[in-house]
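Peer 1: File protein_23.csv below, CSV, C-alpha atoms:
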chain,number,residue,atom,x,y,z
A,868,MET,CA,41.6,41.4,47.6
A,869,SER,CA,39.9,39.8,44.6
A,870,GLU,CA,38.8,43.2,43.4
A,871,GLU,CA,42.4,44.4,43.5
A,872,ILE,CA,43.5,41.4,41.5
A,873,ARG,CA,40.9,42.1,38.9
A,874,ALA,CA,42.0,45.6,38.5
A,875,ASN,CA,45.7,44.7,38.3
A,876,LEU,CA,45.0,41.9,35.8
A,877,ALA,CA,43.2,44.3,33.6
A,878,ILE,CA,46.3,46.4,33.5
A,879,LEU,CA,48.3,43.3,32.4
A,880,VAL,CA,45.9,42.3,29.6
A,881,PRO,CA,47.6,44.1,26.7
A,882,SER,CA,50.9,42.4,27.4
A,883,LEU,CA,49.2,39.1,28.1
A,884,ARG,CA,47.5,39.3,24.8
A,885,ARG,CA,50.8,40.2,23.0
A,886,PHE,CA,52.5,37.2,24.7
A,887,ALA,CA,49.6,34.9,23.8
A,888,LEU,CA,49.6,36.1,20.2
A,889,SER,CA,53.3,35.3,19.9
A,890,LEU,CA,52.6,31.8,21.3
A,891,CYS,CA,49.5,31.0,19.3
A,892,GLY,CA,50.2,33.0,16.1
A,893,ASN,CA,46.5,33.6,16.0
A,894,ARG,CA,44.5,36.4,17.5
A,895,ASP,CA,41.4,34.4,18.3
A,896,GLU,CA,43.3,31.6,19.9
A,897,GLY,CA,45.5,34.1,21.8
A,898,ASP,CA,42.5,35.9,23.2
A,899,ASP,CA,40.8,32.7,24.1
A,900,LEU,CA,44.0,31.7,25.9
A,901,VAL,CA,44.1,35.0,27.9
A,902,GLN,CA,40.4,34.7,28.7
A,903,THR,CA,40.8,31.2,30.0
A,904,ALA,CA,43.9,32.3,32.0
A,905,CYS,CA,42.0,35.2,33.5
A,906,LEU,CA,39.2,32.9,34.6
A,907,LYS,CA,41.7,30.5,36.1
A,908,ALA,CA,43.5,33.3,37.9
A,909,LEU,CA,40.4,34.6,39.5
A,910,ASP,CA,39.4,31.1,40.4
A,911,ARG,CA,42.8,30.6,42.2
A,912,ALA,CA,43.1,34.2,43.5
A,913,LYS,CA,43.4,32.8,47.0
A,914,GLN,CA,46.6,31.0,46.0
A,915,PHE,CA,48.3,34.2,45.0
A,916,GLU,CA,50.7,35.3,47.6
A,917,PRO,CA,50.5,39.0,48.3
A,918,GLY,CA,53.9,40.6,48.1
A,919,THR,CA,55.0,38.4,45.2
A,920,ARG,CA,54.7,39.6,41.6
A,921,LEU,CA,51.3,39.3,40.0
A,922,ASP,CA,52.7,39.6,36.5
A,923,SER,CA,55.0,36.6,36.9
A,924,TRP,CA,52.2,34.6,38.5
A,925,MET,CA,49.9,35.5,35.6
A,926,PHE,CA,52.4,34.8,32.8
A,927,ARG,CA,52.9,31.5,34.4
A,928,ILE,CA,49.2,30.7,34.3
A,929,VAL,CA,49.1,31.8,30.6
A,930,GLN,CA,52.0,29.4,29.7
A,931,THR,CA,50.6,26.4,31.6
A,932,THR,CA,47.2,27.0,30.0
A,933,PHE,CA,48.9,27.3,26.6
A,934,LEU,CA,50.7,24.0,27.0
A,935,ASP,CA,47.6,22.3,28.4
A,936,THR,CA,45.5,23.5,25.5
A,937,ARG,CA,48.2,22.4,23.0
A,938,ARG,CA,48.3,18.9,24.5
A,939,MET,CA,44.5,18.7,24.3
A,940,SER,CA,44.3,19.8,20.7
A,941,ALA,CA,47.2,17.5,19.8
A,942,ARG,CA,44.9,14.6,21.0
A,943,ARG,CA,42.0,15.9,19.1
A,944,GLY,CA,43.7,16.6,15.8
A,945,PRO,CA,45.0,19.6,14.0
A,946,ALA,CA,44.4,23.0,15.5
A,947,ALA,CA,42.6,25.9,13.7
A,948,PRO,CA,44.4,27.0,10.5
A,949,PRO,CA,46.8,29.9,11.0
A,950,GLU,CA,44.5,32.5,9.5
A,951,ALA,CA,46.2,35.0,11.7
A,952,LEU,CA,49.5,35.2,10.0
A,953,GLU,CA,47.9,36.8,7.0
A,954,ALA,CA,45.2,38.7,8.8
A,955,LEU,CA,47.9,40.3,10.9
A,956,SER,CA,49.8,41.6,7.9
A,957,ASP,CA,48.5,45.1,8.4
A,958,ASP,CA,49.5,45.1,12.0
A,959,GLY,CA,52.8,46.8,11.4
A,960,ARG,CA,51.0,50.1,11.2
A,961,ASP,CA,54.1,51.6,12.6
A,962,ALA,CA,56.1,50.0,9.8
A,963,ARG,CA,56.0,52.8,7.3
A,964,ARG,CA,57.6,50.9,4.5
A,965,SER,CA,56.2,47.8,2.9
A,966,GLU,CA,59.5,45.9,3.2
A,967,ASP,CA,59.2,46.5,7.0
A,968,ARG,CA,55.8,45.0,7.0
A,969,LEU,CA,57.0,42.0,5.0
A,970,LEU,CA,59.9,41.6,7.4
A,971,LEU,CA,57.5,41.6,10.4
A,972,GLY,CA,55.3,39.0,8.7
A,973,ARG,CA,58.4,36.8,8.1
A,974,ILE,CA,59.3,37.2,11.8
A,975,ARG,CA,55.8,36.2,12.9
A,976,GLU,CA,56.1,33.2,10.7
A,977,ALA,CA,59.5,32.2,11.9
A,978,VAL,CA,58.4,32.6,15.6
A,979,GLY,CA,55.4,30.4,14.8
A,980,ASP,CA,57.7,27.7,13.4
A,981,LEU,CA,59.9,27.6,16.5
A,982,PRO,CA,59.3,24.7,18.9
A,983,GLU,CA,56.9,25.8,21.7
A,984,GLU,CA,59.6,25.8,24.4
A,985,GLN,CA,61.7,28.2,22.3
A,986,ARG,CA,58.6,30.4,21.5
A,987,LEU,CA,58.0,30.7,25.3
A,988,VAL,CA,61.5,32.0,26.1
A,989,ILE,CA,61.6,34.4,23.1
A,990,GLY,CA,58.2,35.7,24.1
A,991,LEU,CA,59.2,36.4,27.7
A,992,VAL,CA,62.7,37.7,27.0
A,993,ALA,CA,62.6,39.5,23.7
A,994,ILE,CA,59.0,40.6,23.7
A,995,GLU,CA,58.1,41.1,27.3
A,996,GLY,CA,61.5,42.0,28.5
A,997,TYR,CA,61.8,39.6,31.5
A,998,THR,CA,65.3,38.8,32.8
A,999,TYR,CA,66.6,35.3,32.4
A,1000,LYS,CA,66.0,34.7,36.1
A,1001,GLU,CA,62.4,35.8,36.0
A,1002,THR,CA,61.8,33.8,32.8
A,1003,ALA,CA,63.3,30.7,34.5
A,1004,GLU,CA,60.9,31.2,37.4
A,1005,ILE,CA,57.9,31.7,35.2
A,1006,LEU,CA,58.6,28.6,33.2
A,1007,ASP,CA,59.9,26.6,36.1
A,1008,ILE,CA,63.2,25.7,34.4
A,1009,PRO,CA,66.8,26.4,35.2
A,1010,VAL,CA,68.4,29.7,33.9
A,1011,GLY,CA,70.9,27.6,31.9
A,1012,THR,CA,67.9,26.0,30.0
A,1013,VAL,CA,66.5,29.5,29.3
A,1014,MET,CA,69.8,30.5,27.8
A,1015,SER,CA,70.2,27.4,25.7
A,1016,ARG,CA,66.7,27.7,24.3
A,1017,LEU,CA,67.2,31.3,23.6
A,1018,ALA,CA,70.4,30.5,21.7
A,1019,ARG,CA,68.7,28.0,19.6
A,1020,ALA,CA,65.8,30.3,18.9
A,1021,ARG,CA,68.2,33.1,17.9
A,1022,ALA,CA,70.2,30.9,15.6
A,1023,ARG,CA,67.0,30.7,13.6
A,1024,LEU,CA,65.7,34.2,14.0
A,1025,LEU,CA,68.8,36.3,13.6
A,1026,PRO,CA,69.4,35.5,9.9
A,1027,LEU,CA,66.0,37.1,9.2
A,1028,THR,CA,66.9,40.4,10.7
A,1029,GLU,CA,70.5,40.4,9.5
A,1030,GLY,CA,71.6,43.1,7.0
A,1031,SER,CA,70.8,46.7,7.3
A,1032,VAL,CA,71.6,47.2,11.0
A,1033,LYS,CA,70.5,50.7,11.9
B,1431,MET,CA,86.1,34.6,15.8
B,1432,MET,CA,83.3,34.6,18.3
B,1433,THR,CA,82.5,31.3,20.1
B,1434,ASP,CA,78.9,30.3,21.0
B,1435,GLU,CA,79.8,31.1,24.5
B,1436,ASP,CA,80.8,34.7,23.5
B,1437,LYS,CA,77.5,35.0,21.6
B,1438,ALA,CA,75.5,33.9,24.5
B,1439,MET,CA,77.2,36.3,26.8
B,1440,ILE,CA,76.8,39.2,24.4
B,1441,ALA,CA,73.1,38.4,24.0
B,1442,SER,CA,72.8,38.3,27.8
B,1443,LEU,CA,74.3,41.8,27.9
B,1444,VAL,CA,71.8,43.1,25.3
B,1445,ASP,CA,68.9,41.3,27.1
B,1446,GLY,CA,69.9,43.0,30.3
B,1447,ALA,CA,70.6,39.7,32.0
B,1448,LEU,CA,74.2,40.6,33.1
B,1449,GLU,CA,73.3,43.6,35.2
B,1450,GLY,CA,75.3,43.4,38.4
B,1451,GLU,CA,76.8,40.1,37.3
B,1452,PRO,CA,80.6,39.5,37.7
B,1453,ARG,CA,81.2,39.2,33.9
B,1454,GLU,CA,79.2,42.4,33.0
B,1455,GLN,CA,82.2,44.6,32.6
B,1456,GLU,CA,84.3,42.0,30.8
B,1457,ILE,CA,81.6,41.6,28.1
B,1458,ARG,CA,81.0,45.3,27.8
B,1459,ASP,CA,84.7,45.7,27.1
B,1460,LEU,CA,84.6,42.9,24.5
B,1461,VAL,CA,81.7,44.6,22.7
B,1462,GLU,CA,83.5,48.0,22.7
B,1463,ARG,CA,86.8,46.5,21.5
B,1464,ASP,CA,85.7,44.0,19.0
B,1465,PRO,CA,83.8,45.1,15.9
B,1466,GLU,CA,82.4,41.6,15.3
B,1467,ALA,CA,81.1,41.5,18.9
B,1468,MET,CA,79.6,45.0,18.5
B,1469,ALA,CA,77.9,43.9,15.3
B,1470,TYR,CA,76.4,40.9,17.0
B,1471,ALA,CA,75.2,43.0,19.9
B,1472,MET,CA,73.5,45.4,17.5
B,1473,GLN,CA,71.9,42.5,15.6
B,1474,VAL,CA,70.5,41.0,18.8
B,1475,GLY,CA,69.1,44.4,19.8
B,1476,ARG,CA,67.5,44.9,16.4
B,1477,SER,CA,66.1,41.4,16.4
B,1478,ASN,CA,64.5,41.9,19.9
B,1479,ARG,CA,63.0,45.2,18.7
B,1480,LEU,CA,61.5,43.7,15.5
B,1481,ILE,CA,60.2,40.7,17.3
B,1482,ARG,CA,58.4,42.9,19.8
B,1483,GLU,CA,57.1,45.1,16.9
B,1484,ALA,CA,55.8,42.0,15.1
B,1485,PHE,CA,53.4,41.1,17.9
B,1486,GLU,CA,52.5,44.5,19.3
B,1487,ALA,CA,49.1,44.9,17.7
B,1488,PRO,CA,47.2,44.0,20.9
B,1489,MET,CA,49.0,46.7,22.8
B,1490,ARG,CA,47.0,49.4,21.0
B,1491,GLU,CA,43.6,47.7,21.2
B,1492,PRO,CA,40.8,48.0,23.7
B,1493,MET,CA,40.2,44.9,25.8
B,1494,PRO,CA,38.2,42.3,23.9
B,1495,ALA,CA,34.7,41.7,25.3
B,1496,GLY,CA,35.4,38.1,26.2
B,1497,ILE,CA,38.4,38.9,28.4
B,1498,ARG,CA,36.6,41.9,29.9
B,1499,ALA,CA,33.7,39.6,30.9
B,1500,ALA,CA,36.0,37.0,32.3
B,1501,LEU,CA,37.5,39.6,34.5
B,1502,PHE,CA,34.6,41.8,35.6
B,1503,ALA,CA,31.3,39.9,35.1
B,1504,PRO,CA,29.8,38.4,38.2
B,1505,PRO,CA,30.2,34.7,38.3
B,1506,GLY,CA,27.4,33.3,36.1
B,1507,LYS,CA,24.9,30.5,36.3
B,1508,VAL,CA,23.4,28.6,33.4
B,1509,SER,CA,22.1,30.7,30.6
B,1510,ILE,CA,18.4,31.0,30.3
B,1511,LEU,CA,18.9,30.6,26.6
B,1512,HIS,CA,19.5,26.9,26.9
B,1513,GLN,CA,16.0,26.2,27.9
B,1514,PRO,CA,13.3,25.3,25.4
B,1515,ARG,CA,11.0,28.1,24.4
B,1516,VAL,CA,7.3,28.4,24.1
B,1517,LEU,CA,5.9,29.8,20.9
B,1518,ILE,CA,4.1,33.1,21.1
B,1519,PRO,CA,2.9,35.0,18.0
B,1520,THR,CA,5.7,37.1,16.4
B,1521,ALA,CA,3.5,40.2,16.2
B,1522,VAL,CA,3.0,40.2,20.0
B,1523,ALA,CA,6.7,39.9,20.6
B,1524,ALA,CA,7.6,42.6,18.1
B,1525,SER,CA,5.3,45.0,19.8
B,1526,LEU,CA,6.9,44.1,23.1
B,1527,VAL,CA,10.3,44.8,21.7
B,1528,LEU,CA,9.2,48.2,20.4
B,1529,ALA,CA,7.5,49.0,23.7
B,1530,LEU,CA,10.7,48.3,25.6
B,1531,GLY,CA,12.4,50.7,23.2
B,1532,ILE,CA,15.7,48.8,23.1
B,1533,GLY,CA,17.8,48.2,20.1
B,1534,ALA,CA,15.1,48.6,17.5
B,1535,GLY,CA,15.1,52.4,18.0
B,1536,ILE,CA,15.5,54.8,15.2
B,1537,GLY,CA,19.2,55.1,16.0
B,1538,PHE,CA,19.9,51.6,14.7
B,1539,LEU,CA,18.2,52.2,11.5
B,1540,ALA,CA,19.7,55.6,10.8
B,1541,PRO,CA,22.4,55.4,8.1
B,1542,GLU,CA,25.5,55.5,10.2
B,1543,PRO,CA,27.0,52.4,8.7
B,1544,GLU,CA,30.6,52.4,9.6
B,1545,ALA,CA,30.3,52.2,13.4
B,1546,GLN,CA,27.4,49.8,13.4
B,1547,ILE,CA,28.0,46.2,12.7
B,1548,ALA,CA,24.6,44.9,13.7
B,1549,VAL,CA,21.4,46.5,12.5
B,1550,LEU,CA,18.0,45.0,12.2
B,1551,GLY,CA,17.2,43.4,8.9
B,1552,ASP,CA,19.2,41.5,6.3
B,1553,VAL,CA,22.9,41.3,6.9
B,1554,LEU,CA,25.2,42.3,4.0
B,1555,SER,CA,26.6,39.1,2.7
B,1556,ASP,CA,30.1,40.5,2.4
B,1557,GLY,CA,30.1,42.2,5.9
B,1558,PRO,CA,31.8,41.2,9.1
B,1559,LEU,CA,28.5,40.0,10.8
B,1560,HIS,CA,27.6,37.7,7.9
B,1561,GLN,CA,31.2,36.3,7.9
B,1562,ALA,CA,31.1,35.6,11.7
B,1563,LEU,CA,27.6,34.1,11.7
B,1564,GLU,CA,28.3,32.0,8.7
B,1565,THR,CA,31.6,30.5,9.6
B,1566,LEU,CA,32.5,30.8,13.3
B,1567,PRO,CA,31.8,28.2,15.9
B,1568,SER,CA,30.1,29.6,19.0
B,1569,GLY,CA,32.5,31.1,21.5
B,1570,ARG,CA,35.0,32.3,18.9
B,1571,VAL,CA,35.5,36.1,18.3
B,1572,SER,CA,36.0,37.4,14.8
B,1573,GLU,CA,38.5,40.2,13.9
B,1574,ALA,CA,35.6,42.6,13.7
B,1575,GLY,CA,34.6,41.8,17.3
B,1576,VAL,CA,31.6,39.5,16.6
B,1577,GLN,CA,31.2,36.5,18.8
B,1578,PRO,CA,28.5,33.9,17.9
B,1579,MET,CA,27.3,32.6,21.3
B,1580,LEU,CA,25.0,29.8,20.5
B,1581,THR,CA,22.9,28.2,17.8
B,1582,PHE,CA,19.3,27.0,17.9
B,1583,LEU,CA,16.5,26.2,15.5
B,1584,ASP,CA,13.4,28.3,15.6
B,1585,GLY,CA,9.8,27.2,15.3
B,1586,THR,CA,9.9,27.2,11.5
B,1587,GLY,CA,13.1,25.2,11.4
B,1588,ARG,CA,15.5,28.1,10.5
B,1589,ALA,CA,19.0,28.0,12.1
B,1590,CYS,CA,19.4,31.0,14.3
B,1591,ARG,CA,22.3,32.3,16.3
B,1592,GLU,CA,22.6,34.5,19.3
B,1593,PHE,CA,25.7,36.7,18.9
B,1594,GLU,CA,27.4,39.6,20.6
B,1595,VAL,CA,29.3,42.6,19.2
B,1596,ILE,CA,31.8,44.6,21.1
B,1597,GLY,CA,30.0,47.9,21.3
B,1598,GLU,CA,31.4,51.3,20.3
B,1599,LEU,CA,31.5,52.3,23.9
B,1600,PRO,CA,34.1,50.4,25.8
B,1601,ASP,CA,31.7,49.4,28.6
B,1602,GLU,CA,28.9,48.2,26.4
B,1603,LEU,CA,28.1,45.0,24.5
B,1604,GLU,CA,25.5,44.5,21.9
B,1605,PHE,CA,23.5,41.2,21.9
B,1606,GLY,CA,21.5,40.1,19.0
B,1607,ILE,CA,19.7,37.2,17.3
B,1608,ALA,CA,20.0,36.5,13.6
B,1609,CYS,CA,18.3,33.7,11.6
B,1610,ARG,CA,19.5,32.2,8.4
B,1611,GLN,CA,17.0,32.7,5.6
B,1612,PRO,CA,16.4,30.0,3.0
B,1613,ALA,CA,18.2,32.2,0.4
B,1614,GLY,CA,21.4,32.0,2.5
B,1615,THR,CA,21.4,35.5,4.0
B,1616,TRP,CA,21.2,36.2,7.7
B,1617,HIS,CA,18.4,38.3,9.1
B,1618,VAL,CA,18.9,40.2,12.3
B,1619,GLU,CA,15.8,39.8,14.4
B,1620,VAL,CA,16.8,41.9,17.4
B,1621,VAL,CA,19.7,43.8,18.7
B,1622,VAL,CA,20.0,45.1,22.3
B,1623,ALA,CA,22.8,46.9,24.0
B,1624,ALA,CA,23.7,46.1,27.6
B,1625,PRO,CA,26.4,47.4,29.9
B,1626,ILE,CA,29.3,44.9,30.2
B,1627,ALA,CA,29.0,45.0,34.0
B,1628,ASP,CA,25.6,43.3,33.6
B,1629,ALA,CA,26.8,40.5,31.5
B,1630,THR,CA,27.1,36.9,32.7
B,1631,PRO,CA,29.7,34.5,31.6
B,1632,VAL,CA,28.3,31.4,29.9
B,1633,GLY,CA,30.9,28.9,28.8
B,1634,GLU,CA,33.4,30.9,26.8
B,1635,GLY,CA,31.1,33.7,26.1
B,1636,PHE,CA,28.5,35.5,28.1
B,1637,ALA,CA,24.9,36.4,28.2
B,1638,PRO,CA,23.1,39.5,29.4
B,1639,ALA,CA,22.4,39.4,33.1
B,1640,SER,CA,19.3,37.3,33.9
B,1641,GLY,CA,16.3,39.5,34.4
B,1642,GLY,CA,17.9,42.7,33.0
B,1643,ALA,CA,16.2,44.7,30.3
B,1644,ALA,CA,18.4,43.3,27.5
B,1645,ASP,CA,17.7,39.8,28.7
B,1646,ARG,CA,14.0,40.3,28.8
B,1647,THR,CA,14.1,41.6,25.3
B,1648,LEU,CA,16.1,38.7,24.0
B,1649,GLU,CA,13.9,36.3,25.9
B,1650,THR,CA,10.8,37.8,24.4
B,1651,MET,CA,12.3,37.4,20.9
B,1652,LEU,CA,13.3,33.8,21.5
B,1653,ASP,CA,9.7,33.1,22.6
B,1654,ALA,CA,8.5,34.8,19.5
B,1655,LEU,CA,10.7,32.8,17.3
B,1656,GLY,CA,9.7,29.5,19.0
B,1657,ALA,CA,13.4,28.9,19.7
B,1658,GLY,CA,14.3,25.3,20.5
B,1659,PRO,CA,17.1,24.4,22.9
B,1660,ALA,CA,20.7,25.4,22.1
B,1661,LEU,CA,22.4,23.0,19.8
B,1662,ASP,CA,25.4,21.2,21.3
B,1663,ALA,CA,28.9,21.7,19.7
B,1664,ALA,CA,28.6,18.6,17.5
B,1665,GLU,CA,25.2,19.6,16.1
B,1666,GLU,CA,26.4,23.1,15.5
B,1667,ALA,CA,29.6,21.8,13.8
B,1668,ALA,CA,27.4,19.7,11.5
B,1669,LEU,CA,25.5,22.7,10.5
B,1670,LEU,CA,28.6,24.8,9.9
B,1671,GLY,CA,30.1,22.0,7.9
B,1672,SER,CA,27.1,21.5,5.7
B,1673,GLY,CA,26.6,25.1,4.8
B,1674,TRP,CA,23.7,25.4,7.2
B,1675,ARG,CA,21.6,22.6,5.8
B,1676,THR,CA,19.0,22.2,8.5
B,1677,HIS,CA,17.1,19.3,7.0
Would you write the structure of this file as structure tokens?
Peer 2:
Amino acid sequence: MSEEIRANLAILVPSLRRFALSLCGNRDEGDDLVQTACLKALDRAKQFEPGTRLDSWMFRIVQTTFLDTRRMSARRGPAAPPEALEALSDDGRDARRSEDRLLLGRIREAVGDLPEEQRLVIGLVAIEGYTYKETAEILDIPVGTVMSRLARARARLLPLTEGSVK
Amino acid sequence: MMTDEDKAMIASLVDGALEGEPREQEIRDLVERDPEAMAYAMQVGRSNRLIREAFEAPMREPMPAGIRAALFAPPGKVSILHQPRVLIPTAVAASLVLALGIGAGIGFLAPEPEAQIAVLGDVLSDGPLHQALETLPSGRVSEAGVQPMLTFLDGTGRACREFEVIGELPDELEFGIACRQPAGTWHVEVVVAAPIADATPVGEGFAPASGGAADRTLETMLDALGAGPALDAAEEAALLGSGWRTH
């Protein structure tokens, strides 16, 4: 059972890291977050109910770990500087043109500037492709709250991607 | 003119949240009929795609060593490296390392610079290993895949760090020890490779499995260096903050 969870968690790791990167804006912190979440998940493997979705369970652990860590570091003082935003600038390897890379950089910055609660819904809906209902379950909030947070996040993100709609 | 409610519904349609919902057809019709609604739907779709692209770098990368160890390493006990060391002569240790034939083999010294982050000897001051050893707190992983694991002082008072590098092979880690020379460069004393399956989680990082060949080699080197106990986070932070002033 635990072995099966390990193997299935391993399959989820790339999207967990993507989600964590969108939350932390920083690769090291994101990977630390995923690592801690994996340890927690294995520790609590017995609490996982077979037949339910492992991915939702795991994204939920990532988000609670993220919020816990944020609360802790808020008490301790400022978090690590956001080295990542710049370090990530060559990430858009698929972005063939430099203006695309600039745009992706601006998007990362704008997502990083969103309040945490909006970053979580954008991460789950726009990046990971969860439905509103699944997102609501992962975050343990009503669907209506998912929608209002999304609307507020989009009001800030859409102007960035406006213009040349292809 | 679209209301906020219209916008929310159109976004729901694009996000796939209206599938099977009573209003799905109504909103589809709106988008097809109204150019403004269509433009908004396109914009939301494009925005979703770009946001996904902005964060997709991890999707193409191999699993970082720390996460791999968290998932697959057997539950670990306390690292042997946290215990004080007994000094033995360096020459004896060096011959032991060579006898074990690990890490210090010709392969590490051969000029194959691109793949190899850690080689024995002085570390390039502009390289990724120097960068990580010089600046990162233990437990953090650098962009280049270097993770300092702990810091200690050796028998001569030099600051030394045990570190790990994600190996070229996906299932392998390299463990090493480097010490900071008075001139400000780092000198790699030993590098050993170990299968990830044999690694043991220690705090946020991990150490080679106790008793394994890699572990024996590191232990031998620690003995040879006269390594003191691992510094705690505050002591390490003080060193990092002072530019490695050990006195």
Peer 1: Quick one: residues within 6 Å of (40.6, 39.6, 31.3) (file frame), counting only C-alpha atoms, please, as a list in words.
Peer 2: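 The residues near that point, listed by chain and number, are Ala877, Gln902 and Cys905 of chain A; Ile1497, Arg1498, Ala1500 and Leu1501 of chain B.
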Peer 1: The selected residues should be written to file as a CSV table (one decimal), in the coordinates of the input (atoms: C-alpha atoms).
Peer 2:
chain,number,residue,atom,x,y,z
A,877,ALA,CA,43.2,44.3,33.6
A,902,GLN,CA,40.4,34.7,28.7
A,905,CYS,CA,42.0,35.2,33.5
B,1497,ILE,CA,38.4,38.9,28.4
B,1498,ARG,CA,36.6,41.9,29.9
B,1500,ALA,CA,36.0,37.0,32.3
B,1501,LEU,CA,37.5,39.6,34.5
Peer 1: Which residues of chain B are close to chain A, meaning at most 6 Å apart when you count only C-alpha atoms, and how do they look as a JSON list (two decimals) with C-alpha atoms, keeping the file's coordinate frame?
Peer 2:
[["chain", "number", "residue", "atom", "x", "y", "z"],
["B", 1447, "ALA", "CA", 70.60, 39.70, 32.00],
["B", 1477, "SER", "CA", 66.10, 41.40, 16.40],
["B", 1478, "ASN", "CA", 64.50, 41.90, 19.90],
["B", 1482, "ARG", "CA", 58.40, 42.90, 19.80],
["B", 1484, "ALA", "CA", 55.80, 42.00, 15.10],
["B", 1485, "PHE", "CA", 53.40, 41.10, 17.90],
["B", 1486, "GLU", "CA", 52.50, 44.50, 19.30],
["B", 1487, "ALA", "CA", 49.10, 44.90, 17.70],
["B", 1488, "PRO", "CA", 47.20, 44.00, 20.90],
["B", 1489, "MET", "CA", 49.00, 46.70, 22.80],
["B", 1497, "ILE", "CA", 38.40, 38.90, 28.40],
["B", 1500, "ALA", "CA", 36.00, 37.00, 32.30]]
Peer 1: Quick one: distance from atom CA of Val1571 of chain B to atom CA of Leu934 of chain A in Å, one decimal?
Peer 2: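 These two atoms are separated by 21.3 Å.
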Peer 1: Name the residues in contact with Thr931 of chain A at a cut-off of 10 Å, using all atoms listed in the file, excluding same-chain residues fewer than 5 positions from it; report them as a list in words.
Peer 2: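 Those residues are Ala904, Met925, Phe926, Thr936, Arg937, Ile1005 and Leu1006 of chain A.
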Peer 1: Between atom CA of Asp922 of chain A and atom CA of Glu1449 of chain B, what distance in Å does the model show, to one decimal?
Peer 2: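 Separating atom CA of Asp922 of chain A from atom CA of Glu1449 of chain B is a distance of 21.0 Å.
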Peer 1: State, in Å with one decimal place, the distance from atom CA of Phe1605 of chain B to atom CA of Gly1587 of chain B.
Peer 2: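 About the pair atom CA of Phe1605 of chain B and atom CA of Gly1587 of chain B: they are 21.8 Å apart.
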